[in-house]
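Text of upload39.cif, listed as mmCIF, C-alpha atoms:
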```cif
data_target
#
loop_
_atom_site.label_atom_id
_atom_site.label_comp_id
_atom_site.auth_asym_id
_atom_site.auth_seq_id
_atom_site.Cartn_x
_atom_site.Cartn_y
_atom_site.Cartn_z
CA MET A 1 3.66 5.27 11.96
CA VAL A 2 1.24 5.85 14.81
CA GLU A 3 -2.35 4.78 14.25
CA ILE A 4 -5.57 5.65 16.05
CA THR A 5 -8.42 3.18 15.59
CA LEU A 6 -11.92 3.05 16.99
CA VAL A 7 -12.64 0.04 19.19
CA ASP A 8 -15.55 -0.87 21.46
CA ALA A 9 -13.59 0.30 24.51
CA GLY A 10 -12.74 3.70 23.00
CA PHE A 11 -9.80 4.94 20.94
CA HIS A 12 -6.84 2.63 20.42
CA VAL A 13 -3.40 4.19 19.83
CA ARG A 14 -0.65 1.98 18.42
CA GLY A 15 2.94 2.99 17.69
CA SER A 16 6.32 1.28 17.49
CA SER A 17 6.61 0.99 21.28
CA PHE A 18 3.12 1.98 22.43
CA ASP A 19 -0.21 0.17 22.50
CA GLU A 20 -3.01 1.59 24.64
CA THR A 21 -6.75 2.33 24.57
CA PHE A 22 -8.22 5.62 25.81
CA ASN A 23 -11.79 6.54 26.69
CA SER A 24 -11.62 9.99 25.10
CA ARG A 25 -10.68 11.23 21.66
CA PHE A 26 -8.64 14.07 23.17
CA LYS A 27 -6.46 11.72 25.23
CA ALA A 28 -5.90 9.49 22.21
CA MET A 29 -4.87 12.48 20.08
CA MET A 30 -2.44 13.77 22.70
CA ALA A 31 -0.92 10.30 23.18
CA ALA A 32 -0.56 9.82 19.42
CA HIS A 33 1.24 13.15 19.07
CA ALA A 34 3.58 12.37 21.98
CA VAL A 35 4.39 8.90 20.64
CA ALA A 36 4.93 10.21 17.10
CA LEU A 37 7.25 12.98 18.34
CA GLY A 38 9.29 10.49 20.36
CA ASP A 39 9.50 8.06 17.44
CA ALA A 40 10.40 10.85 15.00
CA THR A 41 13.11 12.20 17.28
CA ALA A 42 14.58 8.72 17.80
CA ALA A 43 14.49 7.90 14.08
CA GLY A 44 15.56 11.33 12.86
CA SER A 45 12.75 11.37 10.29
CA ALA A 46 9.06 12.27 10.12
CA VAL A 47 6.44 9.89 11.51
CA ALA A 48 2.84 9.77 10.25
CA ILE A 49 -0.22 9.74 12.48
CA VAL A 50 -3.04 7.87 10.75
CA PHE A 51 -6.57 8.74 11.90
CA PRO A 52 -9.81 6.77 11.62
CA GLU A 53 -11.96 7.39 8.56
CA GLY A 54 -13.85 10.65 8.83
CA TRP A 55 -11.27 12.35 11.09
CA GLY A 56 -9.31 13.89 8.25
CA ASP A 57 -6.02 13.25 6.51
CA SER A 58 -2.94 11.73 8.10
CA ILE A 59 -0.37 14.18 9.43
CA LEU A 60 3.42 14.05 9.63
CA ILE A 61 5.25 14.84 12.85
CA GLU A 62 8.78 16.12 12.28
CA PRO A 63 11.64 15.23 14.65
CA ARG A 64 12.54 17.72 17.33
CA ARG A 65 15.62 19.68 16.41
CA PRO A 66 18.23 20.58 19.06
#
```

Write out the structure in this file as structure tokens.
Amino acid sequence: MVEITLVDAGFHVRGSSFDETFNSRFKAMMAAHAVALGDATAAGSAVAIVFPEGWGDSILIEPRRP
């Protein structure tokens, strides 16, 4: 699971091997997608991206297929 949370400094993205805060929503979204795709590809199964309340439903990122 990759999670985006709102913090005073901006948008915090946390995944299995990633933990960083961004100053823009766009950068946080792009980072979350990249981390989720990497995690999904490594695990061989879908990984969820969980958004802050009001951003919409969670999404699943499927692993990249060769």

Inset, instruction - Any chance you could resolve the PyMOL selection byres ((chain A and resi 46-62) around 6) against this file and give the residues as a PyMOL selection string? - result: chain A and resi 1-5+36+40+45+63

Inset, instruction - Evaluate the PyMOL selection byres ((chain A and resi 20-34) around 7) and record the selected residues as a list in words, following the chain and residue labels used in the document. - result: Val2, Ala9, Gly10, Phe11, His12, Val13, Arg14, Phe18, Asp19, Val35, Ala36, Leu37, Gly38 and Ile49 of chain A

Please define a box with edges along x, y and z of the file around all atoms of region 37-52 of chain A given in the file, extend it by 5 Å on each side, and return its centre and edge lengths in Å to one decimal, as lines of an AutoDock Vina configuration file.
```
center_x = 2.9
center_y = 9.9
center_z = 15.2
size_x = 35.4
size_y = 16.2
size_z = 20.2
```
